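A.B. asks: My questions all concern the structure below.
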Amino acid sequence: MLKQRIQYSRSRTIMNIDSANSIGILYCGDSPDDVELIKNYVQTLRDVGKKVKSLGFIHIKELPLGLNGSMMHQYFALKELNWYFKPSSQFIDNFVNEEFDLLLDFGVSKQLPITYITSMSKAKCKVGRYVEKYTDFYDIMIEADENAKLDYFIKTTHNYIAQLNKKVTDTI
């Protein structure tokens, strides 16, 4: 059903982390440890001059007041989902419509709301964990053990996309 909803075109470009100026990050924010990992990774990317926005999905009915204090780091909850789990709010639409150079889907457990946002995103290059039924939604998929922790998946993804399109120079 999700595949039937995708009816837009976007400019696809395979891009490495060095050449990306803007990066969107999606993840499940249920674990405080995972939220901290994402915040640290976002800061690492910002420290090297990247424009980064992250969007975390939390499995609670409604977000506590004041949690979405930053335009660069936002959350959404069950309240922002319609009856078939499609996220719908203005800030989610803004995230989907932003033409990030890279979209990194760290929704390790493959949450439907996160997958929906990834599938609809206008990002130039979408990267996520390999799941066969979602291959149409990504430009690059990283195969990782289903039980791999988020820190491992972030490191693996970062190292892989850092190597893409690198120019090889001869030292002869």
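Chains: A, B, ... in order of the structure tokens. Residues: from 1 per chain. Ligands: from 1, in order shown.
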Apply DSSP to the backbone of this structure and, from segment 5-170 of chain A, keep only the residues in helix (DSSP H, G or I); write these as JSON, numbers by chain.
C.D. replies: {"A": [5, 32, 33, 34, 35, 36, 37, 38, 39, 40, 41, 42, 43, 44, 45, 46, 47, 78, 79, 80, 90, 91, 92, 93, 94, 95, 96, 97, 112, 113, 114, 115, 116, 117, 118, 119, 120, 132, 133, 134, 135, 136, 137, 150, 151, 152, 153, 154, 155, 156, 157, 158, 159, 160, 161, 162, 163]}
A.B. asks: Within 12 Å of segment 90-100 of chain A, which residues of segment 35-83 of chain A show up? Give each one with its shortest atom-to-atom distance in Å (one decimal) and the two atoms involved, counting only C-alpha atoms, rows by chain then rising residue number, as CSV.
C.D. replies:
```
residue,atom,partner,partner_atom,distance
A:Lys50,CA,A:Phe100,CA,10.9
A:Lys51,CA,A:Phe100,CA,9.1
A:Val52,CA,A:Phe100,CA,8.9
A:Lys53,CA,A:Phe95,CA,8.3
A:Ser54,CA,A:Phe95,CA,8.8
A:Leu55,CA,A:Phe95,CA,8.1
A:Gly56,CA,A:Ile92,CA,10.5
A:Phe57,CA,A:Ile92,CA,10.7
A:Asn68,CA,A:Phe91,CA,10.3
A:Ser70,CA,A:Phe91,CA,11.3
A:Met71,CA,A:Phe91,CA,8.7
A:Met72,CA,A:Phe95,CA,10.0
A:His73,CA,A:Phe95,CA,10.8
A:Gln74,CA,A:Phe91,CA,8.5
A:Tyr75,CA,A:Ile92,CA,9.2
A:Phe76,CA,A:Ile92,CA,8.2
A:Ala77,CA,A:Ile92,CA,11.1
A:Glu80,CA,A:Ile92,CA,8.8
A:Leu81,CA,A:Ile92,CA,10.5
```
A.B. asks: Let's have the selection written as a short mmCIF file (atom, residue, chain, number, x, y, z; two decimals), in the first residue's frame, with all heavy atoms.
C.D. replies:
```cif
data_model
loop_
_atom_site.label_atom_id
_atom_site.label_comp_id
_atom_site.auth_asym_id
_atom_site.auth_seq_id
_atom_site.Cartn_x
_atom_site.Cartn_y
_atom_site.Cartn_z
N LYS A 50 28.22 20.84 8.25
CA LYS A 50 27.00 20.34 7.61
C LYS A 50 25.76 20.99 8.24
O LYS A 50 25.71 21.25 9.43
CB LYS A 50 26.88 18.82 7.76
CG LYS A 50 28.09 18.03 7.29
CD LYS A 50 28.39 18.25 5.85
CE LYS A 50 29.61 17.44 5.43
NZ LYS A 50 30.09 17.81 4.13
N LYS A 51 24.77 21.24 7.40
CA LYS A 51 23.46 21.70 7.87
C LYS A 51 22.65 20.43 8.12
O LYS A 51 22.37 19.68 7.19
CB LYS A 51 22.80 22.58 6.80
CG LYS A 51 21.43 23.06 7.18
CD LYS A 51 20.79 23.84 6.03
CE LYS A 51 19.31 24.00 6.30
NZ LYS A 51 18.58 24.40 5.12
N VAL A 52 22.27 20.20 9.38
CA VAL A 52 21.63 18.94 9.74
C VAL A 52 20.32 19.20 10.47
O VAL A 52 20.25 20.05 11.36
CB VAL A 52 22.55 18.10 10.66
CG1 VAL A 52 21.92 16.73 10.94
CG2 VAL A 52 23.93 17.93 10.06
N LYS A 53 19.30 18.45 10.08
CA LYS A 53 18.02 18.42 10.79
C LYS A 53 17.71 16.98 11.13
O LYS A 53 17.92 16.09 10.30
CB LYS A 53 16.89 18.99 9.93
CG LYS A 53 16.98 20.48 9.70
CD LYS A 53 15.76 20.97 8.95
CE LYS A 53 15.85 22.47 8.71
NZ LYS A 53 14.70 22.95 7.95
N SER A 54 17.21 16.76 12.34
CA SER A 54 16.82 15.40 12.70
C SER A 54 15.36 15.39 13.13
O SER A 54 14.83 16.38 13.61
CB SER A 54 17.72 14.86 13.83
OG SER A 54 17.50 15.56 15.03
N LEU A 55 14.75 14.24 12.91
CA LEU A 55 13.35 14.06 13.24
C LEU A 55 13.19 12.68 13.87
O LEU A 55 13.47 11.67 13.23
CB LEU A 55 12.49 14.17 11.98
CG LEU A 55 10.97 14.05 12.13
CD1 LEU A 55 10.43 15.13 13.07
CD2 LEU A 55 10.30 14.15 10.77
N GLY A 56 12.78 12.65 15.13
CA GLY A 56 12.64 11.40 15.85
C GLY A 56 11.18 11.06 16.12
O GLY A 56 10.39 11.94 16.46
N PHE A 57 10.84 9.80 15.95
CA PHE A 57 9.50 9.30 16.25
C PHE A 57 9.50 8.66 17.62
O PHE A 57 10.33 7.79 17.92
CB PHE A 57 9.06 8.30 15.19
CG PHE A 57 7.74 7.63 15.49
CD1 PHE A 57 6.60 8.38 15.70
CD2 PHE A 57 7.65 6.25 15.57
CE1 PHE A 57 5.38 7.77 15.98
CE2 PHE A 57 6.44 5.63 15.85
CZ PHE A 57 5.31 6.40 16.06
N ASN A 68 9.70 19.90 21.55
CA ASN A 68 10.11 20.36 20.23
C ASN A 68 10.56 21.82 20.28
O ASN A 68 9.99 22.69 19.68
CB ASN A 68 8.96 20.22 19.22
CG ASN A 68 9.00 18.87 18.54
OD1 ASN A 68 10.04 18.22 18.48
ND2 ASN A 68 7.87 18.44 18.03
N SER A 70 13.50 23.03 19.14
CA SER A 70 14.48 23.39 18.12
C SER A 70 13.97 23.01 16.73
O SER A 70 13.47 21.92 16.53
CB SER A 70 15.79 22.66 18.41
OG SER A 70 16.65 22.73 17.30
N MET A 71 14.15 23.90 15.78
CA MET A 71 13.78 23.60 14.39
C MET A 71 14.73 22.57 13.77
O MET A 71 14.40 21.92 12.80
CB MET A 71 13.80 24.87 13.54
CG MET A 71 12.68 25.83 13.87
SD MET A 71 11.04 25.11 13.62
CE MET A 71 11.03 24.91 11.87
N MET A 72 15.93 22.42 14.32
CA MET A 72 16.92 21.50 13.77
C MET A 72 16.81 20.10 14.36
O MET A 72 17.39 19.16 13.85
CB MET A 72 18.33 22.03 14.03
CG MET A 72 18.62 23.36 13.37
SD MET A 72 18.48 23.20 11.57
CE MET A 72 17.72 24.74 11.17
N HIS A 73 16.07 19.96 15.46
CA HIS A 73 15.95 18.66 16.11
C HIS A 73 14.53 18.54 16.66
O HIS A 73 14.21 19.12 17.68
CB HIS A 73 16.97 18.55 17.25
CG HIS A 73 17.11 17.16 17.77
ND1 HIS A 73 17.88 16.21 17.14
CD2 HIS A 73 16.57 16.55 18.84
CE1 HIS A 73 17.81 15.08 17.82
NE2 HIS A 73 17.02 15.27 18.85
N GLN A 74 13.69 17.81 15.92
CA GLN A 74 12.28 17.71 16.31
C GLN A 74 11.86 16.27 16.51
O GLN A 74 12.53 15.34 16.07
CB GLN A 74 11.40 18.37 15.26
CG GLN A 74 11.62 19.86 15.17
CD GLN A 74 10.57 20.53 14.31
OE1 GLN A 74 10.32 20.10 13.20
NE2 GLN A 74 9.98 21.58 14.83
N TYR A 75 10.71 16.12 17.16
CA TYR A 75 10.12 14.82 17.43
C TYR A 75 8.66 14.83 16.99
O TYR A 75 8.04 15.89 16.91
CB TYR A 75 10.15 14.50 18.93
CG TYR A 75 11.52 14.51 19.51
CD1 TYR A 75 12.03 15.64 20.12
CD2 TYR A 75 12.31 13.37 19.47
CE1 TYR A 75 13.30 15.65 20.68
CE2 TYR A 75 13.57 13.36 20.02
CZ TYR A 75 14.07 14.51 20.62
OH TYR A 75 15.32 14.51 21.16
N PHE A 76 8.13 13.64 16.75
CA PHE A 76 6.70 13.50 16.56
C PHE A 76 6.23 12.25 17.28
O PHE A 76 7.02 11.36 17.58
CB PHE A 76 6.30 13.53 15.08
CG PHE A 76 6.76 12.36 14.25
CD1 PHE A 76 5.87 11.35 13.89
CD2 PHE A 76 8.06 12.28 13.78
CE1 PHE A 76 6.28 10.28 13.11
CE2 PHE A 76 8.47 11.22 12.99
CZ PHE A 76 7.59 10.22 12.66
N ALA A 77 4.94 12.23 17.59
CA ALA A 77 4.37 11.14 18.37
C ALA A 77 3.13 10.59 17.67
O ALA A 77 2.78 11.02 16.56
CB ALA A 77 4.01 11.66 19.77
N GLU A 80 0.50 12.71 15.83
CA GLU A 80 0.74 13.24 14.48
C GLU A 80 0.50 12.20 13.37
O GLU A 80 0.81 12.46 12.21
CB GLU A 80 2.17 13.78 14.35
CG GLU A 80 2.37 15.15 14.96
CD GLU A 80 2.62 15.09 16.46
OE1 GLU A 80 3.21 14.12 16.95
OE2 GLU A 80 2.19 16.03 17.14
N LEU A 81 -0.05 11.04 13.73
CA LEU A 81 -0.31 9.99 12.74
C LEU A 81 -1.81 9.90 12.48
O LEU A 81 -2.60 10.02 13.40
CB LEU A 81 0.19 8.63 13.24
CG LEU A 81 1.65 8.54 13.66
CD1 LEU A 81 1.95 7.13 14.14
CD2 LEU A 81 2.58 8.95 12.55
#
```
A.B. asks: At a cut-off of 6 Å, using only C-alpha atoms, what residues contact Pro113 of chain A? Leave out same-chain residues fewer than 5 positions from it and give the result as a list in words.
C.D. replies: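 In the requested form, the answer reads Phe85, Lys86 and Pro87 of chain A.
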A.B. asks: Within 12 Å of segment 35-48 of chain A, counting only C-alpha atoms, which residues qualify if same-chain residues fewer than 4 places away don't, as a PDB file with N, CA, C and O atoms, in the first residue's frame?
C.D. replies:
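The result, stored in part-v4.pdb:
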```
ATOM      1  N   ILE A  17      29.410  11.553   2.186  1.00  0.00           N
ATOM      2  CA  ILE A  17      29.179  12.441   3.320  1.00  0.00           C
ATOM      3  C   ILE A  17      29.941  13.758   3.171  1.00  0.00           C
ATOM      4  O   ILE A  17      29.468  14.811   3.588  1.00  0.00           O
ATOM      5  N   ASP A  18      31.132  13.715   2.546  1.00  0.00           N
ATOM      6  CA  ASP A  18      31.934  14.932   2.389  1.00  0.00           C
ATOM      7  C   ASP A  18      31.293  15.934   1.436  1.00  0.00           C
ATOM      8  O   ASP A  18      31.380  17.140   1.655  1.00  0.00           O
ATOM      9  N   SER A  19      30.655  15.453   0.390  1.00  0.00           N
ATOM     10  CA  SER A  19      30.079  16.370  -0.603  1.00  0.00           C
ATOM     11  C   SER A  19      28.666  16.829  -0.252  1.00  0.00           C
ATOM     12  O   SER A  19      28.136  17.733  -0.877  1.00  0.00           O
ATOM     13  N   ALA A  20      28.075  16.231   0.761  1.00  0.00           N
ATOM     14  CA  ALA A  20      26.725  16.629   1.187  1.00  0.00           C
ATOM     15  C   ALA A  20      26.805  17.893   2.037  1.00  0.00           C
ATOM     16  O   ALA A  20      27.595  17.967   2.975  1.00  0.00           O
ATOM     17  N   ASN A  21      25.994  18.878   1.703  1.00  0.00           N
ATOM     18  CA  ASN A  21      25.913  20.097   2.511  1.00  0.00           C
ATOM     19  C   ASN A  21      24.777  20.020   3.517  1.00  0.00           C
ATOM     20  O   ASN A  21      24.894  20.515   4.625  1.00  0.00           O
ATOM     21  N   SER A  22      23.658  19.414   3.114  1.00  0.00           N
ATOM     22  CA  SER A  22      22.499  19.322   4.000  1.00  0.00           C
ATOM     23  C   SER A  22      22.140  17.858   4.211  1.00  0.00           C
ATOM     24  O   SER A  22      22.127  17.065   3.271  1.00  0.00           O
ATOM     25  N   ILE A  23      21.855  17.530   5.473  1.00  0.00           N
ATOM     26  CA  ILE A  23      21.589  16.140   5.839  1.00  0.00           C
ATOM     27  C   ILE A  23      20.349  16.085   6.733  1.00  0.00           C
ATOM     28  O   ILE A  23      20.239  16.849   7.700  1.00  0.00           O
ATOM     29  N   GLY A  24      19.430  15.197   6.386  1.00  0.00           N
ATOM     30  CA  GLY A  24      18.268  14.923   7.224  1.00  0.00           C
ATOM     31  C   GLY A  24      18.461  13.573   7.879  1.00  0.00           C
ATOM     32  O   GLY A  24      18.968  12.640   7.254  1.00  0.00           O
ATOM     33  N   ILE A  25      18.078  13.476   9.145  1.00  0.00           N
ATOM     34  CA  ILE A  25      18.221  12.222   9.877  1.00  0.00           C
ATOM     35  C   ILE A  25      16.874  11.848  10.488  1.00  0.00           C
ATOM     36  O   ILE A  25      16.246  12.667  11.160  1.00  0.00           O
ATOM     37  N   LEU A  26      16.450  10.624  10.239  1.00  0.00           N
ATOM     38  CA  LEU A  26      15.221  10.068  10.822  1.00  0.00           C
ATOM     39  C   LEU A  26      15.595   8.927  11.754  1.00  0.00           C
ATOM     40  O   LEU A  26      16.510   8.145  11.443  1.00  0.00           O
ATOM     41  N   TYR A  27      14.877   8.819  12.862  1.00  0.00           N
ATOM     42  CA  TYR A  27      15.181   7.750  13.801  1.00  0.00           C
ATOM     43  C   TYR A  27      14.027   7.555  14.772  1.00  0.00           C
ATOM     44  O   TYR A  27      13.129   8.388  14.865  1.00  0.00           O
ATOM     45  N   CYS A  28      14.087   6.440  15.505  1.00  0.00           N
ATOM     46  CA  CYS A  28      13.128   6.166  16.566  1.00  0.00           C
ATOM     47  C   CYS A  28      13.712   6.720  17.865  1.00  0.00           C
ATOM     48  O   CYS A  28      14.828   6.355  18.242  1.00  0.00           O
ATOM     49  N   GLY A  29      12.981   7.605  18.511  1.00  0.00           N
ATOM     50  CA  GLY A  29      13.475   8.274  19.707  1.00  0.00           C
ATOM     51  C   GLY A  29      12.937   7.707  21.006  1.00  0.00           C
ATOM     52  O   GLY A  29      12.890   8.424  22.012  1.00  0.00           O
ATOM     53  N   ASP A  30      12.552   6.452  21.027  1.00  0.00           N
ATOM     54  CA  ASP A  30      12.006   5.855  22.240  1.00  0.00           C
ATOM     55  C   ASP A  30      13.057   5.668  23.334  1.00  0.00           C
ATOM     56  O   ASP A  30      12.756   5.730  24.509  1.00  0.00           O
ATOM     57  N   SER A  31      14.282   5.430  22.936  1.00  0.00           N
ATOM     58  CA  SER A  31      15.350   5.185  23.904  1.00  0.00           C
ATOM     59  C   SER A  31      16.154   6.466  24.146  1.00  0.00           C
ATOM     60  O   SER A  31      16.682   7.055  23.193  1.00  0.00           O
ATOM     61  N   VAL A  52      22.266  20.199   9.376  1.00  0.00           N
ATOM     62  CA  VAL A  52      21.630  18.938   9.742  1.00  0.00           C
ATOM     63  C   VAL A  52      20.319  19.199  10.472  1.00  0.00           C
ATOM     64  O   VAL A  52      20.251  20.047  11.358  1.00  0.00           O
ATOM     65  N   LYS A  53      19.295  18.445  10.076  1.00  0.00           N
ATOM     66  CA  LYS A  53      18.023  18.422  10.793  1.00  0.00           C
ATOM     67  C   LYS A  53      17.713  16.976  11.127  1.00  0.00           C
ATOM     68  O   LYS A  53      17.922  16.092  10.302  1.00  0.00           O
ATOM     69  N   SER A  54      17.210  16.762  12.336  1.00  0.00           N
ATOM     70  CA  SER A  54      16.824  15.399  12.703  1.00  0.00           C
ATOM     71  C   SER A  54      15.365  15.386  13.129  1.00  0.00           C
ATOM     72  O   SER A  54      14.830  16.383  13.614  1.00  0.00           O
ATOM     73  N   LEU A  55      14.746  14.241  12.912  1.00  0.00           N
ATOM     74  CA  LEU A  55      13.346  14.057  13.239  1.00  0.00           C
ATOM     75  C   LEU A  55      13.188  12.676  13.867  1.00  0.00           C
ATOM     76  O   LEU A  55      13.474  11.666  13.226  1.00  0.00           O
ATOM     77  N   GLY A  56      12.784  12.654  15.127  1.00  0.00           N
ATOM     78  CA  GLY A  56      12.639  11.404  15.847  1.00  0.00           C
ATOM     79  C   GLY A  56      11.184  11.063  16.118  1.00  0.00           C
ATOM     80  O   GLY A  56      10.390  11.939  16.465  1.00  0.00           O
ATOM     81  N   PHE A  57      10.839   9.800  15.953  1.00  0.00           N
ATOM     82  CA  PHE A  57       9.499   9.304  16.247  1.00  0.00           C
ATOM     83  C   PHE A  57       9.503   8.662  17.617  1.00  0.00           C
ATOM     84  O   PHE A  57      10.327   7.791  17.916  1.00  0.00           O
ATOM     85  N   ILE A  58       8.583   9.100  18.494  1.00  0.00           N
ATOM     86  CA  ILE A  58       8.472   8.547  19.837  1.00  0.00           C
ATOM     87  C   ILE A  58       7.094   7.906  19.984  1.00  0.00           C
ATOM     88  O   ILE A  58       6.086   8.530  19.691  1.00  0.00           O
ATOM     89  N   MET A  72      15.930  22.423  14.324  1.00  0.00           N
ATOM     90  CA  MET A  72      16.916  21.502  13.773  1.00  0.00           C
ATOM     91  C   MET A  72      16.808  20.099  14.355  1.00  0.00           C
ATOM     92  O   MET A  72      17.392  19.163  13.850  1.00  0.00           O
ATOM     93  N   HIS A  73      16.073  19.960  15.463  1.00  0.00           N
ATOM     94  CA  HIS A  73      15.949  18.658  16.113  1.00  0.00           C
ATOM     95  C   HIS A  73      14.531  18.542  16.663  1.00  0.00           C
ATOM     96  O   HIS A  73      14.205  19.121  17.681  1.00  0.00           O
ATOM     97  N   GLN A  74      13.690  17.807  15.924  1.00  0.00           N
ATOM     98  CA  GLN A  74      12.285  17.714  16.311  1.00  0.00           C
ATOM     99  C   GLN A  74      11.860  16.271  16.508  1.00  0.00           C
ATOM    100  O   GLN A  74      12.532  15.340  16.069  1.00  0.00           O
ATOM    101  N   TYR A  75      10.706  16.123  17.156  1.00  0.00           N
ATOM    102  CA  TYR A  75      10.115  14.819  17.426  1.00  0.00           C
ATOM    103  C   TYR A  75       8.658  14.832  16.987  1.00  0.00           C
ATOM    104  O   TYR A  75       8.035  15.885  16.914  1.00  0.00           O
ATOM    105  N   LEU A 104      19.399  10.227   5.995  1.00  0.00           N
ATOM    106  CA  LEU A 104      19.858   9.030   6.688  1.00  0.00           C
ATOM    107  C   LEU A 104      18.719   8.513   7.557  1.00  0.00           C
ATOM    108  O   LEU A 104      18.311   9.173   8.507  1.00  0.00           O
ATOM    109  N   ASP A 105      18.200   7.353   7.202  1.00  0.00           N
ATOM    110  CA  ASP A 105      17.112   6.734   7.951  1.00  0.00           C
ATOM    111  C   ASP A 105      17.741   5.764   8.939  1.00  0.00           C
ATOM    112  O   ASP A 105      18.168   4.685   8.567  1.00  0.00           O
ATOM    113  N   PHE A 106      17.821   6.193  10.202  1.00  0.00           N
ATOM    114  CA  PHE A 106      18.360   5.341  11.253  1.00  0.00           C
ATOM    115  C   PHE A 106      17.241   4.671  12.043  1.00  0.00           C
ATOM    116  O   PHE A 106      17.442   4.257  13.172  1.00  0.00           O
ATOM    117  N   GLY A 107      16.064   4.583  11.455  1.00  0.00           N
ATOM    118  CA  GLY A 107      14.942   3.886  12.090  1.00  0.00           C
ATOM    119  C   GLY A 107      15.225   2.406  12.076  1.00  0.00           C
ATOM    120  O   GLY A 107      14.637   1.662  11.301  1.00  0.00           O
ATOM    121  N   LYS A 149      22.834  -2.704  17.164  1.00  0.00           N
ATOM    122  CA  LYS A 149      22.486  -1.507  17.937  1.00  0.00           C
ATOM    123  C   LYS A 149      22.657  -0.267  17.067  1.00  0.00           C
ATOM    124  O   LYS A 149      23.376  -0.266  16.068  1.00  0.00           O
ATOM    125  N   LEU A 150      22.004   0.803  17.461  1.00  0.00           N
ATOM    126  CA  LEU A 150      22.028   2.044  16.693  1.00  0.00           C
ATOM    127  C   LEU A 150      23.439   2.590  16.534  1.00  0.00           C
ATOM    128  O   LEU A 150      23.804   3.052  15.447  1.00  0.00           O
ATOM    129  N   ASP A 151      24.277   2.530  17.567  1.00  0.00           N
ATOM    130  CA  ASP A 151      25.631   3.069  17.441  1.00  0.00           C
ATOM    131  C   ASP A 151      26.418   2.342  16.350  1.00  0.00           C
ATOM    132  O   ASP A 151      27.126   2.964  15.554  1.00  0.00           O
ATOM    133  N   TYR A 152      26.261   1.018  16.270  1.00  0.00           N
ATOM    134  CA  TYR A 152      26.920   0.244  15.218  1.00  0.00           C
ATOM    135  C   TYR A 152      26.384   0.649  13.843  1.00  0.00           C
ATOM    136  O   TYR A 152      27.162   0.835  12.898  1.00  0.00           O
ATOM    137  N   PHE A 153      25.079   0.807  13.734  1.00  0.00           N
ATOM    138  CA  PHE A 153      24.490   1.148  12.439  1.00  0.00           C
ATOM    139  C   PHE A 153      24.907   2.555  11.989  1.00  0.00           C
ATOM    140  O   PHE A 153      25.178   2.781  10.814  1.00  0.00           O
ATOM    141  N   ILE A 154      24.986   3.499  12.910  1.00  0.00           N
ATOM    142  CA  ILE A 154      25.445   4.849  12.563  1.00  0.00           C
ATOM    143  C   ILE A 154      26.881   4.789  12.054  1.00  0.00           C
ATOM    144  O   ILE A 154      27.201   5.363  10.998  1.00  0.00           O
ATOM    145  N   LYS A 155      27.765   4.108  12.778  1.00  0.00           N
ATOM    146  CA  LYS A 155      29.177   4.009  12.370  1.00  0.00           C
ATOM    147  C   LYS A 155      29.314   3.321  11.017  1.00  0.00           C
ATOM    148  O   LYS A 155      30.052   3.781  10.146  1.00  0.00           O
ATOM    149  N   THR A 157      27.057   2.982   8.603  1.00  0.00           N
ATOM    150  CA  THR A 157      26.498   3.837   7.551  1.00  0.00           C
ATOM    151  C   THR A 157      27.442   4.986   7.239  1.00  0.00           C
ATOM    152  O   THR A 157      27.730   5.264   6.074  1.00  0.00           O
ATOM    153  N   HIS A 158      27.925   5.667   8.262  1.00  0.00           N
ATOM    154  CA  HIS A 158      28.825   6.800   8.057  1.00  0.00           C
ATOM    155  C   HIS A 158      30.083   6.364   7.304  1.00  0.00           C
ATOM    156  O   HIS A 158      30.486   7.013   6.329  1.00  0.00           O
TER     157      HIS A 158
END
```
A.B. asks: Select, from A:Asp101, A:Gln111, A:Ile140, A:Ala162, the residue with the minimum atom-to-atom distance to Lys124 of chain A, counting only C-alpha atoms.
C.D. replies: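 Answer, going by the shortest atom-to-atom distance: A:Asp101.
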A.B. asks: I need the strand (DSSP E) residues of chain A per DSSP on the backbone, written as a PyMOL selection string.
C.D. replies: chain A and resi 22-28+51-57+73-76+102-105+125-129+140-142
A.B. asks: Would you work out the distance separating atom CA of Asn16 of chain A from atom CA of Thr156 of chain A, expressed in Å to one decimal?
C.D. replies: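 Going from atom CA of Asn16 of chain A over to atom CA of Thr156 of chain A, I get 13.4 Å.
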A.B. asks: Record the distance separating atom CA of His59 of chain A and atom CA of Asp139 of chain A, expressed in Å with one decimal.
C.D. replies: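 We find that atom CA of His59 of chain A and atom CA of Asp139 of chain A lie 27.3 Å from each other.
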